[in-house]
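Reading through the structure tokens given below for one structure.
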Amino acid sequence: MKRRSFIKSICTVSAVAVTMNPSLVVAKEGVPKGANALDYEASVKAITGGKAVTDSAKVSLSVPEIAENGAVVPVKVKVESAMTEVEHVKAIHVLSSKNGNARCADVMLTPMNGKGYFATRIKLGGTQDVVALVEMSDGSFLRAAKPVKVTIGGCG
Amino acid sequence: MAEARKSMIKFKPKKFKVGDTIKVDFIVIHPMDTGLKKDKKTGKVKPAHYIDSITFSLDGKPFTTMKVWETVSTNPYFSVNLKVPGKGKITVDYTDNTGEKNSKSKKLKPKG
């Protein structure tokens, strides 16, 4: 019984110590918050405004299958479109499904671009999907997604 | 304006004609801090510092605008296409979350 009470007292002491120091609790609870914490589902809703999104072969997304370094993941998005005043790609949104901040870049294009194309390099915190959400000039949304395996995360 | 950042605009391919669709690449030296990383020297968490908006324009007329978050890699690279309408000047303006504004421009010289 002596041993049991001793352990109990240690537990309470350490619990008090933890509650006294709130910064420690935050650090222990994991997931630290960055500058923006935009959830994937919420940001998709914010972009589309609740409209239906269709997976389309018109959007080609090229990402590496396995990224050795999550801090630098090249992303290339190409969209088949005539890019005229009537029919063009209005915007390309690049998102990641599990990053603390799901949004990477919103690119607003015009017919002056000539082609629906965008390339950049993004950070990925872990193995997840990279999603390209494309808004056409007629208001429809197209989507392409590809999984990327990350061996070393790049967000912390 | 704070100290000028190193940046670069590149056209691919280098030689092009009027009416061609070329790639306009823009690279800038910027830390793109997420606000999660610790400074190795001081042990304190570095505050978030990232580029949040970029505008590509041709002779003052914007043709691509971007909104960017800290999830873009350090020393970011952005590439878009442009259908060359003739001679002109490409300007890229960018602003970061601390309000720092910079711009870079390059002449567009199509041949033939």
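FYI, nothing fancy with the structure tokens labels: chains A, B, ... in order, residues from 1 per chain, ligands from 1 as they appear.
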
Query raised in the report: Which residues in stretch 34-77 of chain A does DSSP call strand (DSSP E or B)? List them as number ranges by chain.
Result: A: 53-55, 59-62, 66-69, 73-77

Output file for the selection above: N, CA and C atoms, as a JSON list (two decimals), in the first residue's frame:
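Result went into out-v1.json, see below:
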[["chain", "number", "residue", "atom", "x", "y", "z"],
["A", 53, "VAL", "N", -18.52, 19.54, -57.25],
["A", 53, "VAL", "CA", -17.19, 19.46, -57.86],
["A", 53, "VAL", "C", -17.08, 18.12, -58.57],
["A", 54, "THR", "N", -16.68, 18.14, -59.84],
["A", 54, "THR", "CA", -16.57, 16.90, -60.57],
["A", 54, "THR", "C", -15.10, 16.58, -60.84],
["A", 55, "ASP", "N", -14.76, 15.31, -60.70],
["A", 55, "ASP", "CA", -13.41, 14.86, -61.08],
["A", 55, "ASP", "C", -13.35, 14.86, -62.59],
["A", 59, "VAL", "N", -8.21, 18.10, -66.20],
["A", 59, "VAL", "CA", -7.21, 18.65, -65.29],
["A", 59, "VAL", "C", -6.12, 17.61, -65.09],
["A", 60, "SER", "N", -4.89, 17.95, -65.43],
["A", 60, "SER", "CA", -3.81, 17.01, -65.15],
["A", 60, "SER", "C", -2.90, 17.61, -64.09],
["A", 61, "LEU", "N", -2.71, 16.81, -63.06],
["A", 61, "LEU", "CA", -1.91, 17.24, -61.91],
["A", 61, "LEU", "C", -0.68, 16.36, -61.87],
["A", 62, "SER", "N", 0.49, 16.96, -61.92],
["A", 62, "SER", "CA", 1.68, 16.11, -61.80],
["A", 62, "SER", "C", 2.45, 16.45, -60.54],
["A", 66, "ILE", "N", 6.60, 9.70, -54.62],
["A", 66, "ILE", "CA", 7.25, 9.70, -53.31],
["A", 66, "ILE", "C", 8.13, 10.95, -53.23],
["A", 67, "ALA", "N", 7.87, 11.76, -52.22],
["A", 67, "ALA", "CA", 8.67, 12.96, -52.01],
["A", 67, "ALA", "C", 9.63, 12.68, -50.86],
["A", 68, "GLU", "N", 10.94, 12.73, -51.15],
["A", 68, "GLU", "CA", 11.90, 12.45, -50.08],
["A", 68, "GLU", "C", 11.91, 13.57, -49.07],
["A", 69, "ASN", "N", 11.73, 14.78, -49.56],
["A", 69, "ASN", "CA", 11.75, 15.94, -48.66],
["A", 69, "ASN", "C", 10.41, 16.67, -48.78],
["A", 73, "VAL", "N", 8.06, 20.07, -52.57],
["A", 73, "VAL", "CA", 7.33, 19.13, -53.40],
["A", 73, "VAL", "C", 6.85, 19.88, -54.65],
["A", 74, "PRO", "N", 7.41, 19.57, -55.82],
["A", 74, "PRO", "CA", 6.98, 20.27, -57.03],
["A", 74, "PRO", "C", 5.57, 19.86, -57.45],
["A", 75, "VAL", "N", 4.76, 20.85, -57.79],
["A", 75, "VAL", "CA", 3.39, 20.62, -58.22],
["A", 75, "VAL", "C", 3.18, 21.32, -59.55],
["A", 76, "LYS", "N", 2.59, 20.60, -60.51],
["A", 76, "LYS", "CA", 2.31, 21.19, -61.81],
["A", 76, "LYS", "C", 0.86, 20.90, -62.18],
["A", 77, "VAL", "N", 0.13, 21.92, -62.55],
["A", 77, "VAL", "CA", -1.27, 21.75, -62.91],
["A", 77, "VAL", "C", -1.46, 22.23, -64.34]]

Requested in this report: Name all residues at most 10 Å from stretch 135-150 of chain A (count only C-alpha atoms; drop same-chain ones fewer than 5 positions away) and give them as JSON, numbers by chain.
Outcome: {"A": [47, 48, 51, 52, 53, 54, 55, 56, 57, 58, 59, 60, 61, 62, 63, 64, 65, 66, 67, 68, 69, 70, 71, 73, 77, 79, 81, 83, 84, 85, 86, 87, 88, 89, 90, 91, 92, 93, 94, 95, 96, 97, 108, 109, 110, 124, 125, 126, 127, 128, 129, 130]}

Let me see the file: selected residues, N, CA and C atoms, as a short mmCIF file (atom, residue, chain, number, x, y, z; two decimals), in the first residue's frame.
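Below is the file selection_26.cif, written as the result:
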data_model
loop_
_atom_site.label_atom_id
_atom_site.label_comp_id
_atom_site.auth_asym_id
_atom_site.auth_seq_id
_atom_site.Cartn_x
_atom_site.Cartn_y
_atom_site.Cartn_z
N ILE A 47 -14.19 27.96 -51.21
CA ILE A 47 -13.87 28.21 -52.62
C ILE A 47 -15.09 27.99 -53.51
N THR A 48 -15.74 26.83 -53.32
CA THR A 48 -16.82 26.47 -54.23
C THR A 48 -18.15 27.10 -53.84
N LYS A 51 -20.99 24.46 -54.29
CA LYS A 51 -21.31 23.90 -55.60
C LYS A 51 -20.69 22.51 -55.76
N ALA A 52 -21.25 21.74 -56.69
CA ALA A 52 -20.75 20.40 -56.94
C ALA A 52 -19.40 20.45 -57.64
N VAL A 53 -18.52 19.54 -57.25
CA VAL A 53 -17.19 19.46 -57.86
C VAL A 53 -17.08 18.12 -58.57
N THR A 54 -16.68 18.14 -59.84
CA THR A 54 -16.57 16.90 -60.57
C THR A 54 -15.10 16.58 -60.84
N ASP A 55 -14.76 15.31 -60.70
CA ASP A 55 -13.41 14.86 -61.08
C ASP A 55 -13.35 14.86 -62.59
N SER A 56 -12.31 15.45 -63.14
CA SER A 56 -12.25 15.57 -64.59
C SER A 56 -10.88 15.18 -65.12
N ALA A 57 -10.89 14.59 -66.32
CA ALA A 57 -9.63 14.23 -66.98
C ALA A 57 -9.00 15.45 -67.65
N LYS A 58 -9.78 16.53 -67.73
CA LYS A 58 -9.24 17.76 -68.33
C LYS A 58 -8.14 18.38 -67.49
N VAL A 59 -8.21 18.10 -66.20
CA VAL A 59 -7.21 18.65 -65.29
C VAL A 59 -6.12 17.61 -65.09
N SER A 60 -4.89 17.95 -65.43
CA SER A 60 -3.81 17.01 -65.15
C SER A 60 -2.90 17.61 -64.09
N LEU A 61 -2.71 16.81 -63.06
CA LEU A 61 -1.91 17.24 -61.91
C LEU A 61 -0.68 16.36 -61.87
N SER A 62 0.49 16.96 -61.92
CA SER A 62 1.68 16.11 -61.80
C SER A 62 2.45 16.45 -60.54
N VAL A 63 2.56 15.41 -59.71
CA VAL A 63 3.31 15.50 -58.45
C VAL A 63 4.15 14.23 -58.34
N PRO A 64 5.23 14.27 -57.58
CA PRO A 64 6.01 13.03 -57.41
C PRO A 64 5.23 12.01 -56.59
N GLU A 65 5.40 10.71 -56.90
CA GLU A 65 4.73 9.67 -56.12
C GLU A 65 5.28 9.62 -54.70
N ILE A 66 6.60 9.70 -54.62
CA ILE A 66 7.25 9.70 -53.31
C ILE A 66 8.13 10.95 -53.23
N ALA A 67 7.87 11.76 -52.22
CA ALA A 67 8.67 12.96 -52.01
C ALA A 67 9.63 12.68 -50.86
N GLU A 68 10.94 12.73 -51.15
CA GLU A 68 11.90 12.45 -50.08
C GLU A 68 11.91 13.57 -49.07
N ASN A 69 11.73 14.78 -49.56
CA ASN A 69 11.75 15.94 -48.66
C ASN A 69 10.41 16.67 -48.78
N GLY A 70 9.67 16.66 -47.67
CA GLY A 70 8.35 17.30 -47.70
C GLY A 70 8.40 18.81 -47.81
N ALA A 71 9.57 19.40 -47.59
CA ALA A 71 9.67 20.85 -47.64
C ALA A 71 9.64 21.37 -49.06
N VAL A 73 8.06 20.07 -52.57
CA VAL A 73 7.33 19.13 -53.40
C VAL A 73 6.85 19.88 -54.65
N VAL A 77 0.13 21.92 -62.55
CA VAL A 77 -1.27 21.75 -62.91
C VAL A 77 -1.46 22.23 -64.34
N VAL A 79 -4.53 22.53 -67.37
CA VAL A 79 -5.96 22.41 -67.64
C VAL A 79 -6.18 22.61 -69.13
N SER A 81 -8.01 23.86 -72.04
CA SER A 81 -9.01 24.91 -72.27
C SER A 81 -8.55 25.75 -73.45
N MET A 83 -8.96 28.90 -73.64
CA MET A 83 -8.55 30.18 -73.08
C MET A 83 -8.98 31.37 -73.93
N THR A 84 -10.26 31.38 -74.30
CA THR A 84 -10.83 32.54 -74.99
C THR A 84 -11.62 33.35 -73.96
N GLU A 85 -12.13 34.51 -74.41
CA GLU A 85 -12.92 35.35 -73.49
C GLU A 85 -14.13 34.59 -72.96
N VAL A 86 -14.73 33.77 -73.86
CA VAL A 86 -15.96 33.07 -73.49
C VAL A 86 -15.66 31.89 -72.57
N GLU A 87 -14.65 31.12 -72.95
CA GLU A 87 -14.35 29.91 -72.19
C GLU A 87 -12.89 29.89 -71.78
N HIS A 88 -12.64 30.12 -70.53
CA HIS A 88 -11.27 30.04 -70.04
C HIS A 88 -11.23 29.56 -68.59
N VAL A 89 -10.02 29.27 -68.15
CA VAL A 89 -9.84 28.85 -66.76
C VAL A 89 -9.78 30.10 -65.90
N LYS A 90 -10.66 30.17 -64.94
CA LYS A 90 -10.74 31.38 -64.12
C LYS A 90 -9.72 31.32 -62.97
N ALA A 91 -9.66 30.15 -62.34
CA ALA A 91 -8.76 30.05 -61.20
C ALA A 91 -8.29 28.63 -60.98
N ILE A 92 -7.07 28.50 -60.50
CA ILE A 92 -6.54 27.20 -60.09
C ILE A 92 -6.20 27.30 -58.61
N HIS A 93 -6.79 26.43 -57.82
CA HIS A 93 -6.49 26.40 -56.38
C HIS A 93 -5.69 25.14 -56.09
N VAL A 94 -4.59 25.29 -55.40
CA VAL A 94 -3.80 24.13 -54.99
C VAL A 94 -4.00 23.92 -53.50
N LEU A 95 -4.43 22.71 -53.13
CA LEU A 95 -4.70 22.39 -51.73
C LEU A 95 -4.02 21.08 -51.35
N SER A 96 -3.84 20.91 -50.03
CA SER A 96 -3.36 19.63 -49.53
C SER A 96 -4.37 19.16 -48.50
N SER A 97 -4.55 17.83 -48.41
CA SER A 97 -5.67 17.33 -47.61
C SER A 97 -5.41 17.31 -46.11
N MET A 108 -5.42 33.24 -60.07
CA MET A 108 -6.48 33.76 -60.93
C MET A 108 -5.90 34.00 -62.32
N LEU A 109 -6.42 33.28 -63.29
CA LEU A 109 -5.91 33.40 -64.65
C LEU A 109 -6.84 34.24 -65.51
N THR A 110 -6.31 34.71 -66.64
CA THR A 110 -7.10 35.47 -67.61
C THR A 110 -6.84 34.89 -69.00
N LEU A 124 4.77 19.79 -47.57
CA LEU A 124 3.79 18.82 -47.10
C LEU A 124 4.25 18.27 -45.75
N GLY A 125 3.35 18.28 -44.77
CA GLY A 125 3.69 17.82 -43.43
C GLY A 125 3.78 16.32 -43.30
N GLY A 126 3.17 15.58 -44.22
CA GLY A 126 3.19 14.13 -44.16
C GLY A 126 2.53 13.55 -45.40
N THR A 127 2.42 12.22 -45.43
CA THR A 127 1.80 11.56 -46.57
C THR A 127 0.34 11.98 -46.70
N GLN A 128 -0.06 12.47 -47.82
CA GLN A 128 -1.42 12.98 -48.02
C GLN A 128 -1.71 13.21 -49.51
N ASP A 129 -2.91 13.71 -49.77
CA ASP A 129 -3.29 14.00 -51.15
C ASP A 129 -3.02 15.47 -51.47
N VAL A 130 -2.59 15.69 -52.72
CA VAL A 130 -2.51 17.06 -53.22
C VAL A 130 -3.70 17.23 -54.16
#

Please return, as a compact mmCIF listing (two decimals) with C-alpha atoms, in the first residue's frame, all residues of chain B lying within 10 Å of chain A when only C-alpha atoms are considered.
# COMPACT_ATOMS: atom_id res chain seq x y z
CA GLY B 19 1.77 34.75 -80.67
CA ASP B 20 3.80 32.03 -78.96
CA THR B 21 2.77 30.79 -75.56
CA ILE B 22 5.74 30.97 -73.22
CA LYS B 23 6.37 30.15 -69.60
CA VAL B 24 7.02 33.04 -67.26
CA ASP B 25 8.92 31.80 -64.22
CA PHE B 26 9.35 33.87 -61.11
CA ILE B 27 11.72 32.95 -58.28
CA ASP B 33 8.38 30.94 -42.29
CA THR B 34 5.33 28.99 -41.16
CA GLY B 35 5.36 30.20 -37.55
CA LEU B 36 6.09 26.65 -36.35
CA LYS B 37 9.85 26.37 -36.65
CA LYS B 38 12.27 27.28 -33.89
CA PRO B 47 7.01 34.28 -36.31
CA ALA B 48 5.22 33.52 -39.56
CA HIS B 49 6.68 35.44 -42.49
CA TYR B 50 5.46 34.58 -45.95
CA ASP B 52 0.71 36.44 -49.46
CA SER B 53 -0.03 38.04 -52.80
CA ILE B 54 1.62 38.20 -56.19
CA THR B 55 0.58 40.03 -59.33
CA LEU B 58 2.22 43.17 -68.73
CA PRO B 62 -2.39 42.38 -64.63
CA PHE B 63 -2.79 38.99 -66.31
CA THR B 64 -2.37 36.68 -63.32
CA THR B 65 -2.97 37.36 -59.66
CA MET B 66 -2.17 34.90 -56.89
CA LYS B 67 -2.99 34.48 -53.28
CA VAL B 68 -0.37 32.43 -51.49
CA TRP B 69 -0.05 30.88 -48.03
CA GLU B 70 2.89 29.82 -45.91
CA THR B 71 2.56 26.25 -47.19
CA VAL B 72 4.54 27.21 -50.29
CA SER B 73 8.21 26.22 -50.05
CA THR B 74 11.09 28.44 -48.99
CA ASN B 75 12.48 30.51 -51.86
CA PRO B 76 9.28 30.06 -53.81
CA TYR B 77 8.97 29.44 -57.50
CA PHE B 78 5.88 30.24 -59.54
CA SER B 79 5.36 29.52 -63.20
CA VAL B 80 2.51 30.65 -65.44
CA ASN B 81 1.97 30.87 -69.17
CA LEU B 82 1.66 33.97 -71.32
CA LYS B 83 0.58 34.37 -74.91
CA VAL B 84 2.99 36.98 -76.27
CA PRO B 85 1.03 39.88 -77.81

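Atom CA of A:Glu80 is found 10.9 Å from atom CA of A:Val134.
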
Query raised in the report: Near B:Lys17, counting only C-alpha atoms, which residues have an atom at most 9 Å away, once you skip same-chain residues fewer than 4 positions from it, shown as a ChimeraX atom specification?
Result: /B:21,84,86,109-112

Selected residues written out, C-alpha atoms, as a PDB file, in the first residue's frame:
ATOM      1  CA  THR B  21       2.770  30.786 -75.561  1.00  0.00           C
ATOM      2  CA  VAL B  84       2.991  36.982 -76.266  1.00  0.00           C
ATOM      3  CA  GLY B  86       4.127  41.884 -78.749  1.00  0.00           C
ATOM      4  CA  LYS B 109      11.339  41.049 -76.579  1.00  0.00           C
ATOM      5  CA  PRO B 110       9.802  38.726 -79.153  1.00  0.00           C
ATOM      6  CA  LYS B 111      11.800  38.125 -82.362  1.00  0.00           C
ATOM      7  CA  GLY B 112      10.141  37.891 -85.720  1.00  0.00           C
TER       8      GLY B 112
END

Report task. Provide the atom CA of A:Thr151 to atom CA of B:Ile51 distance in Å, to one decimal place. Result ->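 Atom CA of A:Thr151 sits 26.4 Å away from atom CA of B:Ile51.
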
**Report entry** Near-B:Gly88 list (7 Å; only C-alpha atoms; drop same-chain fewer than 3 positions) as number ranges by chain
**Finding:** B: 58-59, 107-108

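Take atom CA of B:Ser105 and atom CA of B:Ser57: the distance between them is 9.2 Å.
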